[in-house]
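> Following this line is upload-v4.csv, made up of CSV, C-alpha atoms and all ligand atoms:
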chain,number,residue,atom,x,y,z
A,20,MET,CA,-0.8,-20.1,-11.4
A,21,SER,CA,2.2,-18.8,-13.4
A,22,ASN,CA,5.4,-20.9,-13.6
A,23,GLN,CA,7.2,-18.2,-11.6
A,24,CYS,CA,4.6,-18.3,-8.9
A,25,GLU,CA,4.7,-22.1,-8.7
A,26,ARG,CA,8.5,-21.9,-8.4
A,27,ALA,CA,8.3,-19.2,-5.7
A,28,VAL,CA,5.9,-21.3,-3.6
A,29,GLU,CA,8.3,-24.3,-4.0
A,30,LEU,CA,11.3,-22.2,-3.0
A,31,LEU,CA,9.5,-20.8,0.0
A,32,SER,CA,8.2,-24.1,1.3
A,33,GLY,CA,9.9,-24.7,4.6
A,34,ALA,CA,11.0,-21.1,5.0
A,35,ARG,CA,10.3,-19.8,8.5
A,36,ARG,CA,12.0,-16.4,8.5
A,37,VAL,CA,11.5,-14.2,5.5
A,38,VAL,CA,12.6,-10.7,4.7
A,39,ALA,CA,11.2,-8.5,1.9
A,40,LEU,CA,13.6,-5.8,0.7
A,41,THR,CA,11.6,-3.2,-1.2
A,42,GLY,CA,12.4,-0.2,-3.4
A,43,ALA,CA,10.6,2.5,-5.3
A,44,GLY,CA,9.1,0.0,-7.8
A,45,MET,CA,7.0,-1.3,-4.9
A,46,SER,CA,5.0,1.9,-4.7
A,47,GLN,CA,4.9,2.6,-8.5
A,48,GLU,CA,1.4,1.1,-8.9
A,49,SER,CA,0.2,3.3,-6.1
A,50,GLY,CA,1.2,6.3,-8.2
A,51,VAL,CA,4.5,7.2,-6.6
A,52,PRO,CA,7.1,7.7,-9.3
A,53,THR,CA,10.3,5.6,-9.1
A,54,PHE,CA,13.7,7.2,-9.4
A,55,ARG,CA,15.5,5.5,-12.2
A,56,ASP,CA,12.9,4.2,-14.6
A,57,ALA,CA,13.4,5.6,-18.1
A,58,GLN,CA,10.9,8.4,-18.9
A,59,THR,CA,9.0,8.2,-15.7
A,60,GLY,CA,11.7,8.1,-13.0
A,61,LEU,CA,12.3,11.2,-10.9
A,62,TRP,CA,16.0,11.3,-11.6
A,63,GLU,CA,15.2,11.5,-15.3
A,64,ARG,CA,13.6,14.8,-14.7
A,65,TYR,CA,15.4,16.1,-11.7
A,66,ASP,CA,19.1,16.3,-10.8
A,67,PRO,CA,19.6,14.4,-7.5
A,68,THR,CA,22.6,16.5,-6.6
A,69,GLU,CA,20.3,19.6,-6.6
A,70,LEU,CA,17.6,18.0,-4.5
A,71,ALA,CA,18.8,15.1,-2.4
A,72,THR,CA,21.9,16.4,-0.6
A,73,ALA,CA,22.5,18.6,2.5
A,74,ALA,CA,24.6,20.9,0.3
A,75,ALA,CA,21.7,21.4,-2.0
A,76,PHE,CA,19.4,22.3,0.9
A,77,GLN,CA,21.9,24.8,2.2
A,78,HIS,CA,22.4,26.3,-1.2
A,79,ASN,CA,18.7,26.5,-2.1
A,80,PRO,CA,16.4,25.5,0.8
A,81,ALA,CA,13.2,26.7,-0.9
A,82,ARG,CA,13.8,24.6,-4.0
A,83,VAL,CA,14.6,21.4,-2.0
A,84,PHE,CA,11.9,21.9,0.6
A,85,GLY,CA,9.3,22.6,-2.1
A,86,TRP,CA,10.2,19.4,-3.9
A,87,TYR,CA,9.9,17.3,-0.8
A,88,LEU,CA,6.6,19.0,0.1
A,89,TRP,CA,5.3,18.1,-3.4
A,90,ARG,CA,6.3,14.5,-2.8
A,91,TRP,CA,4.9,14.5,0.8
A,92,GLN,CA,1.5,15.8,-0.5
A,93,LEU,CA,1.5,13.2,-3.3
A,94,VAL,CA,2.2,10.4,-0.9
A,95,ARG,CA,-0.6,11.4,1.4
A,96,LYS,CA,-3.1,11.3,-1.5
A,97,VAL,CA,-2.2,7.8,-2.7
A,98,ALA,CA,-3.1,4.5,-1.1
A,99,PRO,CA,-1.3,1.1,-0.7
A,100,HIS,CA,-2.1,-1.3,-3.6
A,101,ALA,CA,-2.9,-5.0,-3.5
A,102,GLY,CA,0.8,-5.8,-3.6
A,103,HIS,CA,1.4,-3.9,-0.3
A,104,ARG,CA,-1.6,-5.6,1.2
A,105,ALA,CA,-0.5,-9.0,0.0
A,106,LEU,CA,2.9,-8.5,1.7
A,107,ALA,CA,1.1,-7.6,4.9
A,108,ALA,CA,-1.1,-10.7,4.6
A,109,LEU,CA,2.0,-12.9,4.0
A,110,VAL,CA,3.0,-12.3,7.6
A,111,ARG,CA,0.6,-15.1,8.4
A,112,ALA,CA,2.3,-17.6,6.1
A,113,PHE,CA,5.7,-17.6,8.0
A,114,ASP,CA,7.0,-17.4,11.5
A,115,GLU,CA,8.5,-14.0,10.8
A,116,LEU,CA,8.3,-11.6,7.8
A,117,VAL,CA,10.3,-8.4,8.1
A,118,VAL,CA,9.9,-5.6,5.6
A,119,VAL,CA,13.1,-3.6,5.0
A,120,THR,CA,12.3,-0.7,2.7
A,121,GLN,CA,14.2,2.0,1.0
A,122,ASN,CA,10.9,3.8,0.5
A,123,VAL,CA,10.0,6.8,2.6
A,124,ASP,CA,6.3,6.8,1.8
A,125,GLY,CA,5.0,4.8,4.7
A,126,LEU,CA,2.8,2.7,2.4
A,127,HIS,CA,3.9,-0.7,4.0
A,128,ARG,CA,2.7,0.4,7.4
A,129,ARG,CA,-0.5,1.8,6.0
A,130,ALA,CA,-1.1,-1.5,4.3
A,131,GLY,CA,-0.8,-3.3,7.7
A,132,SER,CA,2.7,-4.7,7.6
A,133,PRO,CA,3.6,-5.0,11.3
A,134,ASP,CA,7.3,-5.0,11.1
A,135,VAL,CA,8.9,-2.4,8.8
A,136,THR,CA,12.4,-1.1,8.9
A,137,GLU,CA,12.8,2.1,7.0
A,138,LEU,CA,16.4,2.5,5.7
A,139,HIS,CA,16.1,5.9,4.1
A,140,GLY,CA,13.9,7.5,6.8
A,141,SER,CA,10.3,8.8,6.4
A,142,ILE,CA,9.0,11.6,4.4
A,143,ASP,CA,6.6,12.3,7.3
A,144,ALA,CA,9.2,12.9,9.9
A,145,PHE,CA,10.2,16.5,9.3
A,146,ARG,CA,12.9,17.8,11.6
A,147,CYS,CA,15.1,20.8,11.8
A,148,PHE,CA,18.4,21.0,9.9
A,149,ASP,CA,20.7,22.0,12.7
A,150,GLN,CA,19.6,19.9,15.7
A,151,GLY,CA,17.1,17.4,14.5
A,152,HIS,CA,14.2,18.7,16.6
A,153,PRO,CA,11.0,17.1,15.3
A,154,TYR,CA,8.5,19.3,13.4
A,155,ASP,CA,4.8,18.6,13.1
A,156,PRO,CA,3.9,19.0,9.4
A,157,ALA,CA,0.1,19.3,10.0
A,158,GLY,CA,0.1,22.9,9.0
A,159,LEU,CA,1.7,22.1,5.6
A,160,GLU,CA,-1.1,19.9,4.4
A,161,SER,CA,-3.2,22.6,2.9
A,162,LEU,CA,-0.3,24.7,1.6
A,163,GLU,CA,-0.7,25.3,-2.1
A,164,LEU,CA,2.6,24.8,-4.0
A,165,PRO,CA,3.5,27.8,-6.2
A,166,GLU,CA,4.3,27.3,-9.9
A,167,SER,CA,8.0,27.7,-9.2
A,168,GLY,CA,7.8,24.7,-6.8
A,169,GLU,CA,9.8,26.7,-4.3
A,170,VAL,CA,8.6,26.9,-0.7
A,171,GLN,CA,10.7,28.5,2.0
A,172,PRO,CA,11.1,25.9,4.8
A,173,PRO,CA,9.4,26.8,8.1
A,174,GLU,CA,11.6,27.5,11.1
A,175,CYS,CA,12.1,25.1,14.0
A,176,HIS,CA,9.9,26.1,16.9
A,177,VAL,CA,12.8,25.3,19.3
A,178,CYS,CA,15.9,26.7,17.7
A,179,GLY,CA,14.8,28.5,14.6
A,180,SER,CA,16.9,26.5,12.2
A,181,PRO,CA,15.2,25.6,8.9
A,182,VAL,CA,13.0,22.4,8.7
A,183,ARG,CA,14.1,19.6,6.4
A,184,PRO,CA,12.4,16.3,5.4
A,185,GLY,CA,13.3,13.3,7.5
A,186,VAL,CA,14.8,11.3,4.7
A,187,VAL,CA,18.3,10.2,4.1
A,188,TRP,CA,20.1,12.3,1.5
A,189,PHE,CA,23.1,11.2,-0.6
A,190,GLY,CA,26.2,11.5,1.5
A,191,GLU,CA,24.4,11.0,4.8
A,192,PHE,CA,24.5,7.9,7.1
A,193,LEU,CA,21.6,5.6,7.2
A,194,PRO,CA,19.9,5.4,10.6
A,195,GLN,CA,22.2,3.1,12.4
A,196,ASP,CA,19.6,1.0,14.2
A,197,ALA,CA,17.7,0.5,11.0
A,198,LEU,CA,20.8,-0.6,9.1
A,199,GLU,CA,21.9,-2.9,11.9
A,200,ARG,CA,18.5,-4.6,12.1
A,201,ALA,CA,18.4,-4.9,8.3
A,202,CYS,CA,21.8,-6.6,8.2
A,203,ARG,CA,20.8,-8.9,11.0
A,204,VAL,CA,17.5,-10.1,9.7
A,205,VAL,CA,18.9,-10.6,6.2
A,206,THR,CA,21.8,-12.6,7.6
A,207,GLU,CA,19.4,-14.8,9.6
A,208,CYS,CA,16.5,-15.2,7.2
A,209,ASP,CA,15.7,-18.4,5.2
A,210,ALA,CA,14.4,-16.4,2.2
A,211,LEU,CA,14.7,-12.9,0.9
A,212,LEU,CA,12.3,-11.3,-1.5
A,213,VAL,CA,13.8,-8.4,-3.4
A,214,ILE,CA,11.0,-6.3,-4.8
A,215,GLY,CA,11.1,-3.2,-7.0
A,216,THR,CA,14.6,-2.0,-6.5
A,217,SER,CA,17.3,-1.3,-9.1
A,218,ALA,CA,19.8,-2.6,-6.5
A,219,LEU,CA,22.2,0.2,-7.3
A,220,VAL,CA,22.2,2.4,-4.2
A,221,TYR,CA,24.5,1.3,-1.3
A,222,PRO,CA,24.4,0.3,1.4
A,223,ALA,CA,20.9,-1.1,0.7
A,224,ALA,CA,22.2,-2.8,-2.5
A,225,ASP,CA,24.5,-4.9,-0.3
A,226,LEU,CA,21.7,-6.5,1.6
A,227,PRO,CA,20.9,-9.1,-1.1
A,228,ASN,CA,24.7,-10.0,-1.2
A,229,LEU,CA,24.6,-10.5,2.6
A,230,GLY,CA,21.6,-12.7,2.2
A,231,LEU,CA,23.2,-14.7,-0.6
A,232,SER,CA,26.4,-15.2,1.3
A,233,SER,CA,24.4,-16.3,4.4
A,234,GLY,CA,22.6,-19.0,2.4
A,235,ALA,CA,19.2,-17.3,2.0
A,236,THR,CA,17.1,-18.2,-1.0
A,237,VAL,CA,16.8,-14.9,-2.9
A,238,ILE,CA,13.8,-14.2,-5.1
A,239,GLU,CA,13.6,-11.0,-7.2
A,240,ILE,CA,10.3,-9.5,-8.3
A,241,ASN,CA,11.0,-6.8,-10.9
A,242,PRO,CA,9.8,-6.3,-14.5
A,243,GLN,CA,13.3,-5.3,-15.4
A,244,ARG,CA,16.7,-7.0,-15.0
A,245,THR,CA,19.0,-5.6,-12.4
A,246,PRO,CA,22.7,-6.3,-11.4
A,247,LEU,CA,21.3,-8.8,-8.9
A,248,THR,CA,19.2,-10.8,-11.4
A,249,PRO,CA,21.9,-13.2,-12.5
A,250,ARG,CA,22.6,-14.3,-8.9
A,251,VAL,CA,19.1,-15.0,-7.6
A,252,ARG,CA,17.4,-18.4,-7.4
A,253,LEU,CA,14.3,-17.0,-9.1
A,254,SER,CA,13.8,-13.9,-11.1
A,255,TRP,CA,10.1,-13.2,-11.4
A,256,PRO,CA,9.7,-10.5,-14.1
A,257,ALA,CA,6.4,-9.0,-13.0
A,258,SER,CA,5.1,-6.0,-11.1
A,259,ALA,CA,4.7,-6.0,-7.4
A,260,GLY,CA,1.0,-5.5,-7.8
A,261,ALA,CA,0.7,-8.6,-9.9
A,262,ALA,CA,3.2,-11.0,-8.3
A,263,LEU,CA,2.6,-10.4,-4.6
A,264,PRO,CA,-1.2,-11.0,-4.6
A,265,ALA,CA,-0.6,-14.1,-6.7
A,266,LEU,CA,2.0,-15.3,-4.2
A,267,SER,CA,-0.1,-14.6,-1.1
A,268,ALA,CA,-3.1,-16.3,-2.6
A,269,ALA,CA,-0.9,-19.4,-3.5
A,270,LEU,CA,0.2,-19.5,0.1
A,271,GLY,CA,-3.3,-19.4,1.4
A,272,GLN,CA,-3.5,-15.6,2.2
A,273,PRO,CA,-5.6,-14.1,-0.5
A,274,VAL,CA,-6.2,-10.3,-0.6
A,275,ALA,CA,-8.9,-8.3,-2.4
A,276,PRO,CA,-7.8,-6.9,-5.8
B,301,LIG,P1,14.9,2.9,-8.5
B,301,LIG,O1,14.0,3.9,-9.2
B,301,LIG,O2,16.3,3.0,-8.7
B,301,LIG,O3,14.4,1.5,-9.1
B,301,LIG,C1,13.1,1.1,-9.2
B,301,LIG,C2,13.0,-0.4,-9.6
B,301,LIG,O4,11.7,-0.8,-9.6
B,301,LIG,C3,13.5,-0.6,-11.0
B,301,LIG,O5,14.4,-1.7,-11.1
B,301,LIG,C4,12.2,-0.9,-11.8
B,301,LIG,O6,12.5,-1.9,-12.8
B,301,LIG,C5,11.4,-1.5,-10.7
B,301,LIG,N1,9.9,-1.3,-10.9
B,301,LIG,C6,9.3,-0.3,-11.6
B,301,LIG,N2,8.0,-0.5,-11.5
B,301,LIG,C7,7.8,-1.6,-10.8
B,301,LIG,C8,6.6,-2.3,-10.3
B,301,LIG,N3,5.4,-1.9,-10.6
B,301,LIG,N4,6.8,-3.5,-9.6
B,301,LIG,C9,8.0,-3.9,-9.3
B,301,LIG,N5,9.2,-3.3,-9.7
B,301,LIG,C10,9.0,-2.2,-10.4
B,301,LIG,O7,14.4,2.8,-7.0
B,301,LIG,P2,15.2,2.3,-5.7
B,301,LIG,O8,16.0,1.0,-6.1
B,301,LIG,O9,14.3,2.2,-4.6
B,301,LIG,O10,17.3,7.2,-2.3
B,301,LIG,O11,16.2,3.5,-5.5
B,301,LIG,C11,17.0,3.4,-4.3
B,301,LIG,C12,17.2,4.8,-3.8
B,301,LIG,O12,17.7,5.6,-4.8
B,301,LIG,C13,16.0,5.4,-3.3
B,301,LIG,O13,15.7,5.1,-2.0
B,301,LIG,C14,16.4,6.9,-3.3
B,301,LIG,C15,17.0,6.9,-4.7
B,301,LIG,O14,17.9,7.9,-5.0
B,301,LIG,C16,17.5,8.4,-1.8
B,301,LIG,O15,16.8,9.3,-2.1
B,301,LIG,C17,18.5,8.5,-0.8
Could you express the structure from this file as structure tokens?

Amino acid sequence: MSNQCERAVELLSGARRVVALTGAGMSQESGVPTFRDAQTGLWERYDPTELATAAAFQHNPARVFGWYLWRWQLVRKVAPHAGHRALAALVRAFDELVVVTQNVDGLHRRAGSPDVTELHGSIDAFRCFDQGHPYDPAGLESLELPESGEVQPPECHVCGSPVRPGVVWFGEFLPQDALERACRVVTECDALLVIGTSALVYPAADLPNLGLSSGATVIEINPQRTPLTPRVRLSWPASAGAALPALSAALGQPVAP
């Protein structure tokens, strides 16, 4: 067992309520690109202001819709990795383990985590732009993306407004119930695992601060340092796919590789 794993087990001994706050790094080993990693991050190649705002969608709906359709199709093709499964298995090691995620890919649920709060929505939950009527994306599965990457959004069957992805864009409010629950569980938990997030995007980036000021033991799992690193009890510089299976095995909940 690595020193960091031993230390994590020590810090988690006696913890009953645990929260895992995850970001894009959590899904990286499933083949979903992160946003800010040098070279491979999506925001290295794409300008978020042209893709991840309501104004961008209004200005060029085909470009924005096509980009999300590409990500939606990608996410459907990939599978949760051993780190996702280890986090799901860790539920059995504590009284409560809530996953609070910034990811929109649904991989925690697919891995079997029973209690997942999605702060930034879900890429599966298409809805119309004007009124939020839900839209069933089944027909979009086989749609071939053109070279331009641009796809005109379908129209809402109820009101005719263009269909948008069900994710939170920059400048939009987070779903209130999700944010409230996240704040509550982070305030009440004994330990907070912060996994694969650059801890730069608010309000999610404030959750570790809330945990710290409420007395939670904060453990960060991330191969890179973040603004949070100097303030955590343990910085475990490893990937989610390496650290979490090691941790779950050390806590008596092994998962297959
Ligand atoms: P980022 O792309 O900002 O950060 C990813 C973090 O994951 C970095 O700190 C990496 O070092 C780390 N990382 C990379 N590979 C990893 C691995 N295999 N295991 C563990 N960690 C790894 O992603 P987020 O912090 O999730 O929002 O970004 C937050 C939000 O910004 C996203 O939800 C998205 C984005 O813009 C919206 O689109 C609204």
> Check every protein, DNA and RNA residue against ligand LIG 301 (chain B), keep those with an atom at most 9 Å away (counting all atoms listed in the file), and present them as a PyMOL selection string.
chain A and resi 41-49+52-56+60-62+67+71-72+102+120-123+138-140+186-191+214-221+223-224+240-245+256-262
> What is the distance between atom CA of Leu159 of chain A and atom CA of Ala130 of chain A, in Å to one decimal?
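Here the two named atoms are 23.8 Å from each other.
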> For the point (1.4, -12.9, 7.5) in the file's frame, write as a PyMOL selection string all residues with an atom no more than 12 Å away, counting all atoms listed in the file.
chain A and resi 35-38+103-118+131-134+266-268+270-274
> What is the distance, in Å and to one decimal place, between atom CA of Trp91 of chain A and atom CA of Asp66 of chain A?
18.4 Å
> Restricting the calculation to all atoms listed in the file: of A:Ala27, A:Ala74, A:Ala101, A:Ala34, which residue gets closest to Pro264 of chain A?
A:Ala101
> Neighbours of Arg146 of chain A within 9 Å (all atoms listed in the file; same-chain residues fewer than 4 positions away dropped), as a VMD selection string?
chain A and resid 150 to 155 175 181 to 185
> Keeping only C-alpha atoms, write those residues as a PDB file, in the coordinates of the input.

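Output saved as result_23.pdb:
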ATOM      1  CA  GLN A 150      19.600  19.900  15.700  1.00  0.00           C
ATOM      2  CA  GLY A 151      17.100  17.400  14.500  1.00  0.00           C
ATOM      3  CA  HIS A 152      14.200  18.700  16.600  1.00  0.00           C
ATOM      4  CA  PRO A 153      11.000  17.100  15.300  1.00  0.00           C
ATOM      5  CA  TYR A 154       8.500  19.300  13.400  1.00  0.00           C
ATOM      6  CA  ASP A 155       4.800  18.600  13.100  1.00  0.00           C
ATOM      7  CA  CYS A 175      12.100  25.100  14.000  1.00  0.00           C
ATOM      8  CA  PRO A 181      15.200  25.600   8.900  1.00  0.00           C
ATOM      9  CA  VAL A 182      13.000  22.400   8.700  1.00  0.00           C
ATOM     10  CA  ARG A 183      14.100  19.600   6.400  1.00  0.00           C
ATOM     11  CA  PRO A 184      12.400  16.300   5.400  1.00  0.00           C
ATOM     12  CA  GLY A 185      13.300  13.300   7.500  1.00  0.00           C
TER      13      GLY A 185
END
> From the options A:Val213, A:Val51, A:Leu231, A:Ala39, which residue's atoms come nearest to Gln92 of chain A, counting all atoms listed in the file?
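Closest to Gln92 of chain A of all the choices is A:Val51.
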> What separation in Å, quoted to one decimal, exists between atom CA of Arg252 of chain A and atom CA of Gly230 of chain A?
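These atoms are spaced 11.9 Å apart.
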> Please list as a list in words every residue within 9 Å of Thr236 of chain A, counting all atoms listed in the file and excluding residues in the same chain fewer than 3 positions away.
Leu30, Leu31, Cys208, Asp209, Ala210, Leu211, Leu212, Gly230, Leu231, Val251, Arg252 and Leu253 of chain A
> Within 8 Å of Asp124 of chain A, counting all atoms listed in the file, which residues qualify if same-chain residues fewer than 2 places away don't, as an MDAnalysis selection string?
chainID A and resid 91 94 122 126 141:143
> Could you take the residues named above and write them with C-alpha atoms, as a compact mmCIF listing (two decimals), keeping the file's coordinate frame?

# COMPACT_ATOMS: atom_id res chain seq x y z
CA TRP A 91 4.90 14.50 0.80
CA VAL A 94 2.20 10.40 -0.90
CA ASN A 122 10.90 3.80 0.50
CA LEU A 126 2.80 2.70 2.40
CA SER A 141 10.30 8.80 6.40
CA ILE A 142 9.00 11.60 4.40
CA ASP A 143 6.60 12.30 7.30
> Skip Asp196 of chain A itself and residues of its chain fewer than 4 positions away, then list as a PyMOL selection string all residues within 10 Å of it, counting only C-alpha atoms.
chain A and resi 136-138+200-202
> Which protein, DNA or RNA residues are at most 10 Å from (3.0, 23.7, -1.2) in the file's coordinates when you count all atoms listed in the file, listed as an mmCIF file with C-alpha atoms, in the coordinates of the input?

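As written to disk, out-v3.cif reads:
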data_model
loop_
_atom_site.group_PDB
_atom_site.id
_atom_site.type_symbol
_atom_site.label_atom_id
_atom_site.label_comp_id
_atom_site.auth_asym_id
_atom_site.auth_seq_id
_atom_site.Cartn_x
_atom_site.Cartn_y
_atom_site.Cartn_z
ATOM 1 C CA PHE A 84 11.900 21.900 0.600
ATOM 2 C CA GLY A 85 9.300 22.600 -2.100
ATOM 3 C CA TRP A 86 10.200 19.400 -3.900
ATOM 4 C CA TYR A 87 9.900 17.300 -0.800
ATOM 5 C CA LEU A 88 6.600 19.000 0.100
ATOM 6 C CA TRP A 89 5.300 18.100 -3.400
ATOM 7 C CA ARG A 90 6.300 14.500 -2.800
ATOM 8 C CA TRP A 91 4.900 14.500 0.800
ATOM 9 C CA GLN A 92 1.500 15.800 -0.500
ATOM 10 C CA LEU A 159 1.700 22.100 5.600
ATOM 11 C CA GLU A 160 -1.100 19.900 4.400
ATOM 12 C CA SER A 161 -3.200 22.600 2.900
ATOM 13 C CA LEU A 162 -0.300 24.700 1.600
ATOM 14 C CA GLU A 163 -0.700 25.300 -2.100
ATOM 15 C CA LEU A 164 2.600 24.800 -4.000
ATOM 16 C CA PRO A 165 3.500 27.800 -6.200
ATOM 17 C CA GLU A 166 4.300 27.300 -9.900
ATOM 18 C CA GLY A 168 7.800 24.700 -6.800
ATOM 19 C CA GLU A 169 9.800 26.700 -4.300
ATOM 20 C CA VAL A 170 8.600 26.900 -0.700
ATOM 21 C CA GLN A 171 10.700 28.500 2.000
#
> Under the rule that only C-alpha atoms are counted, which of A:Leu247, A:Val204, A:Phe76, A:Leu193 is the nearest residue to Val135 of chain A?
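The answer is A:Val204, which sits nearest to Val135 of chain A.
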> Using all atoms listed in the file, pick whichever of A:Pro276, A:Trp255, A:Asp225, A:Leu263 has the shortest atom-to-atom distance to Asn22 of chain A.
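Ranked by minimum distance to Asn22 of chain A, first place goes to A:Trp255.
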> Hey, could you patch up segment 70-83 of chain A with N, CA, C and O atoms and hand it over as a PDB file, in the frame of the given file?

ATOM      1  N   LEU A  70      18.798  18.221  -5.349  1.00  0.00           N
ATOM      2  CA  LEU A  70      17.600  18.000  -4.500  1.00  0.00           C
ATOM      3  C   LEU A  70      17.808  17.129  -3.319  1.00  0.00           C
ATOM      4  O   LEU A  70      17.077  17.238  -2.338  1.00  0.00           O
ATOM      5  N   ALA A  71      18.728  16.196  -3.422  1.00  0.00           N
ATOM      6  CA  ALA A  71      18.800  15.100  -2.400  1.00  0.00           C
ATOM      7  C   ALA A  71      20.138  15.122  -1.686  1.00  0.00           C
ATOM      8  O   ALA A  71      20.695  14.064  -1.420  1.00  0.00           O
ATOM      9  N   THR A  72      20.657  16.309  -1.374  1.00  0.00           N
ATOM     10  CA  THR A  72      21.900  16.400  -0.600  1.00  0.00           C
ATOM     11  C   THR A  72      21.736  17.544   0.424  1.00  0.00           C
ATOM     12  O   THR A  72      20.967  18.494   0.178  1.00  0.00           O
ATOM     13  N   ALA A  73      22.502  17.478   1.504  1.00  0.00           N
ATOM     14  CA  ALA A  73      22.500  18.600   2.500  1.00  0.00           C
ATOM     15  C   ALA A  73      23.010  19.850   1.861  1.00  0.00           C
ATOM     16  O   ALA A  73      22.516  20.950   2.135  1.00  0.00           O
ATOM     17  N   ALA A  74      24.009  19.712   0.982  1.00  0.00           N
ATOM     18  CA  ALA A  74      24.600  20.900   0.300  1.00  0.00           C
ATOM     19  C   ALA A  74      23.534  21.599  -0.524  1.00  0.00           C
ATOM     20  O   ALA A  74      23.460  22.842  -0.548  1.00  0.00           O
ATOM     21  N   ALA A  75      22.711  20.812  -1.215  1.00  0.00           N
ATOM     22  CA  ALA A  75      21.700  21.400  -2.000  1.00  0.00           C
ATOM     23  C   ALA A  75      20.666  22.177  -1.173  1.00  0.00           C
ATOM     24  O   ALA A  75      20.220  23.270  -1.528  1.00  0.00           O
ATOM     25  N   PHE A  76      20.336  21.611  -0.016  1.00  0.00           N
ATOM     26  CA  PHE A  76      19.400  22.300   0.900  1.00  0.00           C
ATOM     27  C   PHE A  76      19.979  23.578   1.402  1.00  0.00           C
ATOM     28  O   PHE A  76      19.287  24.602   1.466  1.00  0.00           O
ATOM     29  N   GLN A  77      21.264  23.557   1.718  1.00  0.00           N
ATOM     30  CA  GLN A  77      21.900  24.800   2.200  1.00  0.00           C
ATOM     31  C   GLN A  77      21.979  25.847   1.120  1.00  0.00           C
ATOM     32  O   GLN A  77      21.803  27.028   1.362  1.00  0.00           O
ATOM     33  N   HIS A  78      22.205  25.368  -0.095  1.00  0.00           N
ATOM     34  CA  HIS A  78      22.400  26.300  -1.200  1.00  0.00           C
ATOM     35  C   HIS A  78      21.004  26.904  -1.632  1.00  0.00           C
ATOM     36  O   HIS A  78      20.909  28.096  -1.919  1.00  0.00           O
ATOM     37  N   ASN A  79      19.970  26.050  -1.699  1.00  0.00           N
ATOM     38  CA  ASN A  79      18.700  26.500  -2.100  1.00  0.00           C
ATOM     39  C   ASN A  79      17.553  25.830  -1.335  1.00  0.00           C
ATOM     40  O   ASN A  79      16.881  24.923  -1.829  1.00  0.00           O
ATOM     41  N   PRO A  80      17.374  26.255  -0.068  1.00  0.00           N
ATOM     42  CA  PRO A  80      16.400  25.500   0.800  1.00  0.00           C
ATOM     43  C   PRO A  80      14.993  25.545   0.235  1.00  0.00           C
ATOM     44  O   PRO A  80      14.285  24.546   0.356  1.00  0.00           O
ATOM     45  N   ALA A  81      14.590  26.634  -0.400  1.00  0.00           N
ATOM     46  CA  ALA A  81      13.200  26.700  -0.900  1.00  0.00           C
ATOM     47  C   ALA A  81      12.958  25.693  -2.003  1.00  0.00           C
ATOM     48  O   ALA A  81      11.902  25.063  -2.077  1.00  0.00           O
ATOM     49  N   ARG A  82      13.946  25.511  -2.849  1.00  0.00           N
ATOM     50  CA  ARG A  82      13.800  24.600  -4.000  1.00  0.00           C
ATOM     51  C   ARG A  82      13.677  23.127  -3.416  1.00  0.00           C
ATOM     52  O   ARG A  82      12.792  22.366  -3.797  1.00  0.00           O
ATOM     53  N   VAL A  83      14.599  22.796  -2.514  1.00  0.00           N
ATOM     54  CA  VAL A  83      14.600  21.400  -2.000  1.00  0.00           C
ATOM     55  C   VAL A  83      13.376  21.190  -1.122  1.00  0.00           C
ATOM     56  O   VAL A  83      12.693  20.170  -1.267  1.00  0.00           O
TER      57      VAL A  83
END
